[in-house]
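The data block below is run_21.cif; it holds mmCIF, C-alpha atoms, pLDDT in the B column; chains and numbers go by the auth columns.
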```
data_upload
#
loop_
_atom_site.group_PDB
_atom_site.id
_atom_site.type_symbol
_atom_site.label_atom_id
_atom_site.label_comp_id
_atom_site.label_asym_id
_atom_site.label_seq_id
_atom_site.Cartn_x
_atom_site.Cartn_y
_atom_site.Cartn_z
_atom_site.B_iso_or_equiv
_atom_site.auth_seq_id
_atom_site.auth_asym_id
ATOM 1 C CA MET A 1 60.671 93.166 149.568 98.00 1 E
ATOM 2 C CA THR A 2 62.426 95.696 151.795 98.00 2 E
ATOM 3 C CA TYR A 3 66.082 96.516 151.133 98.00 3 E
ATOM 4 C CA CYS A 4 68.711 98.692 152.833 98.00 4 E
ATOM 5 C CA ILE A 5 71.734 100.391 151.268 98.00 5 E
ATOM 6 C CA SER A 6 74.075 102.890 152.909 98.00 6 E
ATOM 7 C CA ASP A 7 77.013 105.170 152.148 98.00 7 E
ATOM 8 C CA ILE A 8 76.690 105.292 148.376 98.00 8 E
ATOM 9 C CA HIS A 9 78.931 108.383 148.326 98.00 9 E
ATOM 10 C CA GLY A 10 78.399 109.290 144.699 98.00 10 E
ATOM 11 C CA GLU A 11 79.267 105.817 143.374 98.00 11 E
ATOM 12 C CA TYR A 12 76.514 105.909 140.790 98.00 12 E
ATOM 13 C CA ARG A 13 77.714 102.911 138.763 97.00 13 E
ATOM 14 C CA LYS A 14 77.916 100.722 141.863 98.00 14 E
ATOM 15 C CA TYR A 15 74.468 101.940 142.879 98.00 15 E
ATOM 16 C CA GLN A 16 72.969 101.039 139.492 98.00 16 E
ATOM 17 C CA CYS A 17 74.759 97.675 139.560 97.00 17 E
ATOM 18 C CA LEU A 18 73.253 96.914 142.955 97.00 18 E
ATOM 19 C CA LEU A 19 69.733 97.884 141.886 98.00 19 E
ATOM 20 C CA GLU A 20 70.090 95.438 139.006 97.00 20 E
ATOM 21 C CA LYS A 21 71.364 92.681 141.291 97.00 21 E
ATOM 22 C CA ILE A 22 68.388 92.957 143.637 97.00 22 E
ATOM 23 C CA ALA A 23 66.046 93.347 140.647 97.00 23 E
ATOM 24 C CA PHE A 24 64.577 96.407 142.342 98.00 24 E
ATOM 25 C CA CYS A 25 61.031 97.133 141.187 97.00 25 E
ATOM 26 C CA ASN A 26 58.047 99.309 142.065 96.00 26 E
ATOM 27 C CA CYS A 27 56.673 96.728 144.485 97.00 27 E
ATOM 28 C CA ASP A 28 59.846 96.879 146.612 98.00 28 E
ATOM 29 C CA THR A 29 60.967 99.454 149.173 98.00 29 E
ATOM 30 C CA LEU A 30 64.526 100.700 149.478 98.00 30 E
ATOM 31 C CA TYR A 31 65.844 102.490 152.550 98.00 31 E
ATOM 32 C CA VAL A 32 69.033 104.465 151.885 98.00 32 E
ATOM 33 C CA LEU A 33 70.787 104.985 155.215 98.00 33 E
ATOM 34 C CA GLY A 34 72.537 108.265 154.487 98.00 34 E
ATOM 35 C CA ASP A 35 75.774 109.509 152.935 98.00 35 E
ATOM 36 C CA VAL A 36 74.520 109.493 149.384 98.00 36 E
ATOM 37 C CA VAL A 37 76.702 112.495 148.549 98.00 37 E
ATOM 38 C CA ASP A 38 80.422 113.452 148.619 98.00 38 E
ATOM 39 C CA ARG A 39 83.649 111.584 147.802 97.00 39 E
ATOM 40 C CA GLY A 40 82.539 109.599 144.735 97.00 40 E
ATOM 41 C CA PRO A 41 82.274 111.125 141.248 97.00 41 E
ATOM 42 C CA GLN A 42 78.495 111.287 140.670 98.00 42 E
ATOM 43 C CA PRO A 43 76.523 112.244 143.795 98.00 43 E
ATOM 44 C CA MET A 44 73.952 114.327 141.885 98.00 44 E
ATOM 45 C CA GLU A 45 73.189 111.422 139.558 98.00 45 E
ATOM 46 C CA VAL A 46 72.477 109.186 142.550 98.00 46 E
ATOM 47 C CA LEU A 47 70.314 111.824 144.226 98.00 47 E
ATOM 48 C CA ARG A 48 68.293 112.548 141.104 97.00 48 E
ATOM 49 C CA ASP A 49 67.686 108.846 140.529 98.00 49 E
ATOM 50 C CA MET A 50 66.426 108.504 144.106 98.00 50 E
ATOM 51 C CA MET A 51 64.236 111.587 143.692 98.00 51 E
ATOM 52 C CA GLY A 52 62.423 109.896 140.828 97.00 52 E
ATOM 53 C CA ARG A 53 61.518 106.793 142.851 98.00 53 E
ATOM 54 C CA ALA A 54 58.598 107.048 145.279 97.00 54 E
ATOM 55 C CA ASN A 55 59.620 103.738 146.896 98.00 55 E
ATOM 56 C CA VAL A 56 63.079 104.957 147.958 98.00 56 E
ATOM 57 C CA ILE A 57 63.135 106.297 151.523 98.00 57 E
ATOM 58 C CA PRO A 58 66.258 108.331 152.351 98.00 58 E
ATOM 59 C CA LEU A 59 67.671 108.708 155.856 98.00 59 E
ATOM 60 C CA LEU A 60 69.969 111.546 156.884 98.00 60 E
ATOM 61 C CA GLY A 61 73.716 111.004 157.027 98.00 61 E
ATOM 62 C CA ASN A 62 76.416 113.320 158.295 98.00 62 E
ATOM 63 C CA HIS A 63 77.456 114.147 154.737 98.00 63 E
ATOM 64 C CA GLU A 64 73.951 115.317 153.784 98.00 64 E
ATOM 65 C CA PHE A 65 73.923 117.321 157.012 96.00 65 E
ATOM 66 C CA MET A 66 77.149 119.106 156.030 95.00 66 E
ATOM 67 C CA ALA A 67 76.150 119.469 152.375 95.00 67 E
ATOM 68 C CA MET A 68 72.795 121.095 153.134 93.00 68 E
ATOM 69 C CA TYR A 69 74.375 123.674 155.417 89.00 69 E
ATOM 70 C CA CYS A 70 77.014 124.613 152.870 89.00 70 E
ATOM 71 C CA LEU A 71 74.944 124.462 149.696 91.00 71 E
ATOM 72 C CA LYS A 72 72.303 126.776 151.108 87.00 72 E
ATOM 73 C CA LYS A 73 75.046 129.297 151.823 79.00 73 E
ATOM 74 C CA LEU A 74 76.466 128.941 148.329 75.00 74 E
ATOM 75 C CA LEU A 75 73.370 129.331 146.187 73.00 75 E
ATOM 76 C CA THR A 76 74.873 132.530 144.826 60.00 76 E
ATOM 77 C CA GLU A 77 77.742 132.342 142.379 53.00 77 E
ATOM 78 C CA ILE A 78 81.057 131.626 144.091 53.00 78 E
ATOM 79 C CA THR A 79 83.532 134.443 143.502 56.00 79 E
ATOM 80 C CA GLU A 80 86.504 135.818 145.402 57.00 80 E
ATOM 81 C CA LYS A 81 84.258 138.606 146.655 59.00 81 E
ATOM 82 C CA SER A 82 81.504 136.267 147.864 59.00 82 E
ATOM 83 C CA ILE A 83 84.065 134.083 149.659 59.00 83 E
ATOM 84 C CA ARG A 84 85.475 137.164 151.428 61.00 84 E
ATOM 85 C CA LEU A 85 81.967 138.023 152.623 60.00 85 E
ATOM 86 C CA LEU A 86 81.381 134.608 154.163 63.00 86 E
ATOM 87 C CA GLU A 87 81.217 134.560 157.933 67.00 87 E
ATOM 88 C CA GLN A 88 84.142 132.791 159.591 63.00 88 E
ATOM 89 C CA GLU A 89 81.883 130.048 160.966 61.00 89 E
ATOM 90 C CA THR A 90 80.410 129.436 157.516 73.00 90 E
ATOM 91 C CA LEU A 91 83.840 129.406 155.912 73.00 91 E
ATOM 92 C CA SER A 92 85.120 126.918 158.482 78.00 92 E
ATOM 93 C CA GLY A 93 82.129 124.669 157.828 77.00 93 E
ATOM 94 C CA LEU A 94 82.685 124.890 154.089 85.00 94 E
ATOM 95 C CA LEU A 95 86.372 124.057 154.328 85.00 95 E
ATOM 96 C CA ASN A 96 85.636 121.122 156.634 88.00 96 E
ATOM 97 C CA TRP A 97 83.001 119.773 154.231 92.00 97 E
ATOM 98 C CA LEU A 98 85.292 120.140 151.221 91.00 98 E
ATOM 99 C CA SER A 99 88.094 118.354 153.070 91.00 99 E
ATOM 100 C CA GLN A 100 85.736 115.425 153.670 91.00 100 E
ATOM 101 C CA GLY A 101 84.821 114.887 150.046 93.00 101 E
ATOM 102 C CA GLY A 102 82.357 117.693 149.363 94.00 102 E
ATOM 103 C CA LYS A 103 84.087 118.849 146.159 95.00 103 E
ATOM 104 C CA THR A 104 82.272 116.342 143.936 97.00 104 E
ATOM 105 C CA THR A 105 78.900 117.318 145.399 96.00 105 E
ATOM 106 C CA LEU A 106 79.637 121.023 144.993 94.00 106 E
ATOM 107 C CA LYS A 107 80.741 120.521 141.393 94.00 107 E
ATOM 108 C CA GLY A 108 77.651 118.495 140.515 96.00 108 E
ATOM 109 C CA PHE A 109 75.344 120.929 142.293 95.00 109 E
ATOM 110 C CA HIS A 110 76.650 123.941 140.397 90.00 110 E
ATOM 111 C CA ALA A 111 76.224 122.115 137.093 94.00 111 E
ATOM 112 C CA LEU A 112 72.455 122.027 137.731 95.00 112 E
ATOM 113 C CA SER A 113 69.980 124.692 136.748 94.00 113 E
ATOM 114 C CA ARG A 114 68.637 127.006 139.451 91.00 114 E
ATOM 115 C CA GLU A 115 65.365 125.072 139.481 94.00 115 E
ATOM 116 C CA GLU A 116 67.164 121.734 139.811 95.00 116 E
ATOM 117 C CA ARG A 117 69.290 123.065 142.671 94.00 117 E
ATOM 118 C CA ALA A 118 66.158 124.088 144.562 93.00 118 E
ATOM 119 C CA GLN A 119 64.649 120.649 143.972 96.00 119 E
ATOM 120 C CA VAL A 120 67.777 118.929 145.300 96.00 120 E
ATOM 121 C CA LEU A 121 67.832 121.083 148.440 96.00 121 E
ATOM 122 C CA ASP A 122 64.133 120.438 149.038 96.00 122 E
ATOM 123 C CA TYR A 123 64.735 116.711 148.681 98.00 123 E
ATOM 124 C CA LEU A 124 67.690 116.722 151.076 97.00 124 E
ATOM 125 C CA GLY A 125 65.478 118.503 153.589 96.00 125 E
ATOM 126 C CA GLU A 126 63.043 115.575 153.482 96.00 126 E
ATOM 127 C CA PHE A 127 65.570 112.976 154.677 98.00 127 E
ATOM 128 C CA GLN A 128 64.380 111.183 157.819 98.00 128 E
ATOM 129 C CA LEU A 129 66.546 110.692 160.907 98.00 129 E
ATOM 130 C CA TYR A 130 65.549 107.070 161.445 98.00 130 E
ATOM 131 C CA ALA A 131 63.017 104.404 160.538 98.00 131 E
ATOM 132 C CA ALA A 132 61.487 101.720 162.735 98.00 132 E
ATOM 133 C CA LEU A 133 59.700 98.887 160.946 98.00 133 E
ATOM 134 C CA LYS A 134 58.857 95.223 160.851 98.00 134 E
ATOM 135 C CA ALA A 135 59.908 93.099 157.880 98.00 135 E
ATOM 136 C CA GLY A 136 59.241 89.392 157.923 95.00 136 E
ATOM 137 C CA PRO A 137 59.537 88.001 161.451 95.00 137 E
ATOM 138 C CA ARG A 138 61.932 90.713 162.700 97.00 138 E
ATOM 139 C CA GLU A 139 61.700 94.312 163.824 98.00 139 E
ATOM 140 C CA TYR A 140 64.367 96.826 162.843 98.00 140 E
ATOM 141 C CA VAL A 141 65.676 100.264 163.700 98.00 141 E
ATOM 142 C CA LEU A 142 67.452 101.937 160.778 98.00 142 E
ATOM 143 C CA ILE A 143 69.800 104.894 161.276 98.00 143 E
ATOM 144 C CA HIS A 144 72.909 106.230 159.613 98.00 144 E
ATOM 145 C CA GLY A 145 75.412 106.299 162.452 98.00 145 E
ATOM 146 C CA GLY A 146 74.609 105.193 165.972 98.00 146 E
ATOM 147 C CA LEU A 147 72.803 106.113 169.172 98.00 147 E
ATOM 148 C CA GLU A 148 74.953 108.385 171.279 98.00 148 E
ATOM 149 C CA ASN A 149 73.942 108.668 174.949 98.00 149 E
ATOM 150 C CA PHE A 150 71.857 105.524 174.524 98.00 150 E
ATOM 151 C CA ARG A 151 69.421 104.459 177.218 97.00 151 E
ATOM 152 C CA PRO A 152 67.024 101.530 176.713 95.00 152 E
ATOM 153 C CA GLU A 153 64.045 103.598 177.870 96.00 153 E
ATOM 154 C CA ARG A 154 64.854 106.582 175.656 97.00 154 E
ATOM 155 C CA ALA A 155 62.469 107.080 172.718 97.00 155 E
ATOM 156 C CA LEU A 156 64.036 107.313 169.265 98.00 156 E
ATOM 157 C CA GLU A 157 62.421 110.680 168.611 97.00 157 E
ATOM 158 C CA ASP A 158 64.285 112.102 171.615 98.00 158 E
ATOM 159 C CA TYR A 159 67.703 111.723 169.964 98.00 159 E
ATOM 160 C CA SER A 160 69.167 114.768 168.251 97.00 160 E
ATOM 161 C CA PRO A 161 70.418 114.594 164.655 97.00 161 E
ATOM 162 C CA GLU A 162 74.008 114.816 165.902 96.00 162 E
ATOM 163 C CA GLU A 163 73.472 111.832 168.231 98.00 163 E
ATOM 164 C CA MET A 164 72.289 109.696 165.313 98.00 164 E
ATOM 165 C CA ILE A 165 74.352 110.756 162.317 98.00 165 E
ATOM 166 C CA TRP A 166 77.833 111.158 163.819 97.00 166 E
ATOM 167 C CA ALA A 167 77.858 108.425 166.484 97.00 167 E
ATOM 168 C CA ARG A 168 79.434 105.012 165.997 97.00 168 E
ATOM 169 C CA PRO A 169 77.825 101.967 167.606 97.00 169 E
ATOM 170 C CA ASP A 170 79.406 99.678 170.141 97.00 170 E
ATOM 171 C CA TYR A 171 79.159 96.442 168.197 97.00 171 E
ATOM 172 C CA ASP A 172 79.769 94.392 171.327 97.00 172 E
ATOM 173 C CA ARG A 173 76.618 95.813 172.917 97.00 173 E
ATOM 174 C CA VAL A 174 73.050 94.648 172.310 98.00 174 E
ATOM 175 C CA TYR A 175 71.025 97.853 172.164 98.00 175 E
ATOM 176 C CA PHE A 176 67.623 96.284 171.510 97.00 176 E
ATOM 177 C CA PRO A 177 67.118 92.609 172.459 96.00 177 E
ATOM 178 C CA ASP A 178 63.863 92.548 170.480 97.00 178 E
ATOM 179 C CA ARG A 179 65.001 94.620 167.459 98.00 179 E
ATOM 180 C CA TYR A 180 67.934 94.714 165.039 98.00 180 E
ATOM 181 C CA LEU A 181 69.934 97.927 164.625 98.00 181 E
ATOM 182 C CA VAL A 182 70.877 98.517 160.979 98.00 182 E
ATOM 183 C CA THR A 183 73.568 101.154 160.430 98.00 183 E
ATOM 184 C CA GLY A 184 76.018 102.581 157.919 98.00 184 E
ATOM 185 C CA HIS A 185 78.669 105.248 158.599 98.00 185 E
ATOM 186 C CA THR A 186 81.348 102.886 159.933 98.00 186 E
ATOM 187 C CA PRO A 187 82.959 100.852 157.129 98.00 187 E
ATOM 188 C CA THR A 188 82.832 97.197 158.085 98.00 188 E
ATOM 189 C CA ARG A 189 86.585 96.920 157.420 97.00 189 E
ATOM 190 C CA ALA A 190 87.031 99.247 160.442 97.00 190 E
ATOM 191 C CA ILE A 191 85.063 97.081 162.891 97.00 191 E
ATOM 192 C CA PRO A 192 87.550 95.441 165.300 93.00 192 E
ATOM 193 C CA GLY A 193 87.642 91.675 164.978 91.00 193 E
ATOM 194 C CA ASN A 194 85.553 91.595 161.803 94.00 194 E
ATOM 195 C CA PRO A 195 86.646 88.428 159.964 92.00 195 E
ATOM 196 C CA GLN A 196 85.155 89.559 156.623 94.00 196 E
ATOM 197 C CA PRO A 197 86.085 93.142 155.748 93.00 197 E
ATOM 198 C CA ASP A 198 83.968 94.818 153.050 96.00 198 E
ATOM 199 C CA ARG A 199 81.097 92.434 153.713 97.00 199 E
ATOM 200 C CA ILE A 200 77.970 93.072 155.775 98.00 200 E
ATOM 201 C CA TYR A 201 78.709 92.549 159.472 98.00 201 E
ATOM 202 C CA GLN A 202 76.160 90.923 161.786 97.00 202 E
ATOM 203 C CA ALA A 203 76.592 90.363 165.531 97.00 203 E
ATOM 204 C CA ASN A 204 74.753 91.198 168.761 97.00 204 E
ATOM 205 C CA HIS A 205 71.623 92.379 166.918 98.00 205 E
ATOM 206 C CA HIS A 206 73.737 94.725 164.758 98.00 206 E
ATOM 207 C CA ILE A 207 73.668 94.762 160.979 98.00 207 E
ATOM 208 C CA ALA A 208 76.395 97.057 159.607 98.00 208 E
ATOM 209 C CA ILE A 209 76.089 97.633 155.865 98.00 209 E
ATOM 210 C CA ASP A 210 78.737 100.227 154.921 98.00 210 E
ATOM 211 C CA CYS A 211 81.190 98.154 152.922 98.00 211 E
ATOM 212 C CA GLY A 212 83.517 100.990 151.922 97.00 212 E
ATOM 213 C CA ALA A 213 82.274 101.756 148.400 96.00 213 E
ATOM 214 C CA PRO A 214 84.277 105.007 147.943 95.00 214 E
ATOM 215 C CA PHE A 215 87.423 103.486 149.441 95.00 215 E
ATOM 216 C CA GLY A 216 87.885 100.644 146.987 94.00 216 E
ATOM 217 C CA GLY A 217 85.291 98.469 148.713 96.00 217 E
ATOM 218 C CA ARG A 218 81.841 97.488 147.583 96.00 218 E
ATOM 219 C CA LEU A 219 78.311 98.804 147.832 98.00 219 E
ATOM 220 C CA SER A 220 76.046 96.370 149.625 98.00 220 E
ATOM 221 C CA ALA A 221 72.355 95.767 150.175 98.00 221 E
ATOM 222 C CA ILE A 222 70.446 93.497 152.516 98.00 222 E
ATOM 223 C CA CYS A 223 66.897 92.214 152.172 98.00 223 E
ATOM 224 C CA LEU A 224 65.252 92.563 155.577 98.00 224 E
ATOM 225 C CA GLU A 225 62.658 89.835 155.010 98.00 225 E
ATOM 226 C CA THR A 226 65.117 87.147 153.956 97.00 226 E
ATOM 227 C CA GLY A 227 68.536 88.313 155.172 97.00 227 E
ATOM 228 C CA ASP A 228 69.952 87.887 151.649 98.00 228 E
ATOM 229 C CA GLU A 229 73.036 90.002 150.961 98.00 229 E
ATOM 230 C CA PHE A 230 73.944 91.635 147.662 98.00 230 E
ATOM 231 C CA TYR A 231 77.153 93.318 146.517 98.00 231 E
ATOM 232 C CA SER A 232 78.024 95.638 143.661 96.00 232 E
ATOM 233 C CA ASP A 233 80.754 93.366 142.263 81.00 233 E
#
```

Kindly return the structure encoded in the file as structure tokens.
Amino acid sequence: MTYCISDIHGEYRKYQCLLEKIAFCNCDTLYVLGDVVDRGPQPMEVLRDMMGRANVIPLLGNHEFMAMYCLKKLLTEITEKSIRLLEQETLSGLLNWLSQGGKTTLKGFHALSREERAQVLDYLGEFQLYAALKAGPREYVLIHGGLENFRPERALEDYSPEEMIWARPDYDRVYFPDRYLVTGHTPTRAIPGNPQPDRIYQANHHIAIDCGAPFGGRLSAICLETGDEFYSD
């Protein structure tokens, strides 16, 4: 079976709970639609679990995008002197990332050995921007955020990372009449008119699966072949 999860945000216990609920095994495939890191308490534990599973396919989220930029700059030991030497642009990026939940990722990263840090950075660099696939009778496009500057004739590979990882979809718009757009990034409690906050939202060929795990909500998964929904509690 093919499953999708998004916006784990370091909620390792909820992640493990969800894997147990779907009875995830080696014959299944799991797409993780970005924002594995930041905010929650154990982002490195989630990442290292994913790294050990060949059947987990990670997609890039805006939090991985920020984390990679900052962590590469901070591979040396952080001291008052090294902070003073940071370029203003780098320092601004670091402060922005930390203000958006990067502290837990930074703490976990620096607890790793030098070899483990390199492995984590290599893995983050392998995250895909999107996935297009068929599962059961339906075809799907999986991305973290949305499709900024969308045009029906525009190929997916022509979108920049920023257009896919930061954008928020228009849930009233059908982007692909023959495909379903599966996204995270926007907590379902924030979708206007959503009658079931913190549950998977489906309308107009959209499937929104960020159920607010780091904000007191739940982590969710959907099986693409069957449409079955699963929740961490």

| query | Which polymer residues have any atom within 12 Å of an atom of range 109-124 of chain E, counting only C-alpha atoms, with same-chain residues fewer than 5 positions away left out, as an MDAnalysis selection string? | reply | chainID E and resid 34:38 42:54 56:78 102:104 129

| task | Name the residues that the PyMOL selection byres ((chain E and resi 151-157) around 10) picks from the file above, as a count of residues only, using the file's chain letters and numbers. | result | 17

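Here CA of Pro192 in chain E is placed at a distance of 27.2 Å from CA of Asn96 in chain E.
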
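For the choices E:Leu33, E:Arg39, E:Glu163, E:Ile209, the atom-to-atom distance to Leu98 in chain E is smallest for E:Arg39 when using only C-alpha atoms.
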
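Those residues returned by the PyMOL selection byres ((chain E and resi 232) around 8) for this file are Lys14, Tyr15, Cys17, Leu18, Lys21, Arg218, Leu219, Ser220, Phe230, Tyr231 and Asp233 of chain E.
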
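Ranking E:Gly101, E:Gly125, E:Pro197, E:Pro169 by their shortest atom-to-atom distance to Gly212 in chain E, with only C-alpha atoms included, puts E:Pro197 first.
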
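Atom pair CA of Ile191 in chain E / CA of Gly227 in chain E has a distance of 20.2 Å (rounded to one decimal).
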
Padding of 4 Å on every side, edges along x, y and z, all listed atoms of range 46-53 of chain E included: what centre and edge lengths in Å, to one decimal, does that box have, as AutoDock Vina command-line options?
```
--center_x 67.0 --center_y 109.7 --center_z 142.4 --size_x 19.0 --size_y 13.8 --size_z 11.7
```

| remark: As a check of understanding: the span from CA of Thr2 in chain E to CA of Tyr31 in chain E is 7.6 Å

| message | Once the PyMOL selection byres ((chain E and resi 206) around 8) is applied to the coordinates I shared, what remains selected? I want it as a ChimeraX atom specification. | response | /E:171,174,180-183,201-205,207-208

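Considering only C-alpha atoms, the residue among E:Leu142, E:Val32, E:Ala135, E:Cys223 positioned nearest to Ile5 in chain E is E:Val32.
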
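Distance annotation: of E:Lys107, E:Glu126, E:Pro187, E:Asn26, the residue with the minimal separation from His144 in chain E is E:Pro187; atom set is all atoms listed in the file.
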
| Of the candidates E:Cys27, E:Asp7, E:Gly193, E:Arg138, which shows the shortest atom-to-atom distance to Ile165 in chain E, using only C-alpha atoms? | E:Asp7

| said: Counting all atoms listed in the file, which residue out of E:Trp97, E:Asp198, E:Lys134, E:Gly145 sits closest to Asp178 in chain E? | reply: E:Lys134

| request: Extract, using only C-alpha atoms, all DNA, RNA and protein residues at most 10 Å from Asp28 in chain E, discarding same-chain residues fewer than 3 positions from it, and format them as a PyMOL selection string. | output: chain E and resi 1-3+22-25+55-56
